[in-house]
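K.L.:
Here it is: the structure, laid out below.
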Amino acid sequence: MRVLILGSGGREHALAWKIAQSPLVEKICIAPGNAGTAGVGEHVALDTKNNSVVSAFCREQSIGLVVVGPDDLLADGVVDFLEQENIPVFGPTKAASEIEWSKAYAKQVMQEEGIPTARHRVFETSEGALAYLQTQKPPYVLKADGLALGKGVVIAKTKEEAVDGIHSMMDAKVHGEAGNRIVIEEFLEGLEISVHAICDGERALMFPSAKDHKRIYENDEGPNTGGMGTIAPVPIVPQEQMKLIEERIVLPLLRALKERGRPFKGLLFPGVMLTKYGPMVIEFNARFGDPETQSYMRLMKSDIVPALIASAEGDLSGTTLEWNEGAVACIVMASGGYPGAYEKGKEIRGAEGAMGEGVVVFHAGTKRSGTGALITNGGRVLNVTALGTDLKDARARAYEGVEQISFEGSQYRKDIGASVISVEI
Ligand code: AMP
Ligand code: GLY
């Protein structure tokens with residue numbers, strides 16, 4: 001079978017790496033890809049935002065499965081388009097992925113179905129939001145309704161900060177249309193984990209727990225990023241907790257979306273806070289996480305392709321996933337200045353040599369220069385992953401890999417996974 005992967009991040013490199021190991025797959029095409037994915041499959045210059053172009057390519061090349069990485073392509077309806085053309089595709093329809101692209105819609109479904117989440121209100125004017133703020137206590141959680149490149153959430157410690165946040169989202173429109181409506185919700189305390197499940201509209205194949213590290217600096221300080229590193233599984237999260245998440249969150253959501261005529265097929269990724277009242281949803285994503293996927297693809301023992309196909313066909317019964325023993329750590333190396341402004345084009349040294357024992361480096365913002373040198377081409381540059389006998393071992397191996405790689409201005413967090421095991425950082 002020929003597989004087309006859409007996207008260019010570390011997530012897509014990890015998916016391509018895993019899919020390439022399947023005996024079912026003869027060829028992988030990637031659009032647009034990065035310097036790392038060039039070693040796994042063939043890069044194709046497609047306008048991925050143009051559904052007709054993607055579908056014409058699939059027909060010409062007899063693509064047997066399309067895997068969609070980024071959320072914006074889902075929100076643009078690439079899955080609907082390809083399904084209409086009878087091209088097998090892994091991912092949810094535009095309507096099913098509304099659970100990610102509209103926070104107000106997600107909150108409404110959760111409220112109607114009794115899926116545990118923070119109490120909230122939706123506002124369409126800044127006057128309404130500001131008046132409500134006066135009745136609430138800090139910290140204030142403000143969320144732009146639409147997709148905002150992962151930057152649509154403000155956690156304000158003071159009322160002044162919250163007032164600024166409301167003005168910049170709703171009046172100055174820093175996130176454009178995404179800020180036409182905002183959600184203000186209760187602040188949840190607890191351990192935040194990432195949950196992934198491959199779904200077929202009804203059933204869910206749950207992955208082990210993972211933990212992302214969203215802030216740029218150690219000890220969760222500084223601004224939010226796309227994610228600076230992940231671990232999986234999270235050693236302090238018992239299996240019963242994951243069962244509870246499946247029963248109270250994942251399966252009820254699948255039932256709810258099916259009843260609403262928009263069955264969810266693809267990868268469901270709830271961000272969950274483990275609070276003293278039980279697991280509560282922070283947000284739903286309708287796609288693989290980045291960098292969660294980089295850890296998961298190392299931990300997954302099974303061939304992923306049968307599960308992707310079964311999900312696309314809407315029948316996961318009879319499909320299971322097996323996982324390697326031990327644990328995985330993924331450390332993100334980012335450009336200096338990220339998540340703010342950063343320079344591109346810095347030469348990267350040591351990325352191939354870092355492939356030590358248990359270590360695999362997935363590329364994100366990388367490309368080849370005119371002379372063939374590996375250079376930086378984005379905010380998050382490389383993902384150094386390691387599988388170890390336990391989390392401590394995985395971390396040690398991953399950081400050994402990181403130390404072999406260098407580029408001007410590179411930054412990474414030294415405390416990935418540290419808060420859930422007692423280690424010196
Ligand atoms: P998001 O962009 O939706 O992933 O949100 C960014 C981050 O804000 C989340 O990963 C959480 O760490 C934090 N966050 C979002 N909502 C809440 C909440 N209700 N309570 C506490 N933290 C939250
Ligand atoms: N790492 C978080 C996300 O992919 O949204």
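Letters A, B, ... mark the chains of the structure tokens in the order given; residue numbers begin at 1 per chain; ligand numbers begin at 1, in order shown.
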Write out as JSON, numbers by chain each polymer residue (protein, DNA or RNA) that has an atom no more than 10 Å from ligand 1, with only C-alpha atoms and all ligand atoms counted.

P.N.:
{"A": [100, 103, 117, 118, 119, 120, 139, 140, 141, 142, 143, 144, 147, 148, 149, 150, 151, 152, 153, 154, 155, 184, 185, 186, 187, 188, 189, 190, 191, 192, 193, 194, 212, 213, 214, 215, 220, 224, 225, 226, 227, 270, 271, 272, 273, 280, 281, 282, 283, 284, 285]}

K.L.:
Tyr399 of chain A: which residues within 10 Å, counting only C-alpha atoms, same-chain residues fewer than 3 positions away excluded, as a count of residues only?

P.N.:
18

K.L.:
Would you mind telling me which residue in A:Asn50, A:Asn324, A:Thr230, A:Gln108 lies nearest to ligand 2 when using only C-alpha atoms and all ligand atoms?

P.N.:
A:Thr230

K.L.:
Using atom CA of Leu382 of chain A and atom CA of Asp76 of chain A as the two end points, give the distance in Å to one decimal.

P.N.:
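So the two atoms, atom CA of Leu382 of chain A and atom CA of Asp76 of chain A, lie 27.7 Å apart.
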
K.L.:
Would you mind writing down, as a PyMOL selection string, each residue of segment 45-86 of chain A that DSSP on the backbone assigns to strand (DSSP E or B)?

P.N.:
chain A and resi 63-68

K.L.:
Restricting the calculation to only C-alpha atoms and all ligand atoms: of A:Thr389, A:Thr376, A:Gln294, A:Ser335, which residue gets closest to ligand 2?

P.N.:
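Using only C-alpha atoms and all ligand atoms, ligand 2 sits closest to A:Gln294.
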
K.L.:
Within 12 Å of Gly318 of chain A, counting only C-alpha atoms, which residues qualify if same-chain residues fewer than 5 places away don't, as an MDAnalysis selection string?

P.N.:
chainID A and resid 203:205 306:307 310:311

K.L.:
My list of candidates is A:Glu347, A:Glu26, A:Glu357, A:Glu12. Which is closest to ligand 2 when distances are computed with only C-alpha atoms and all ligand atoms?

P.N.:
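Of all the options, A:Glu12 lies closest to ligand 2.
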
K.L.:
Give me, please, the distance in Å between atom CA of Pro263 of chain A and atom CA of Ala232 of chain A, quoted to one decimal.

P.N.:
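If I compute the distance from atom CA of Pro263 of chain A to atom CA of Ala232 of chain A, I get 28.1 Å.
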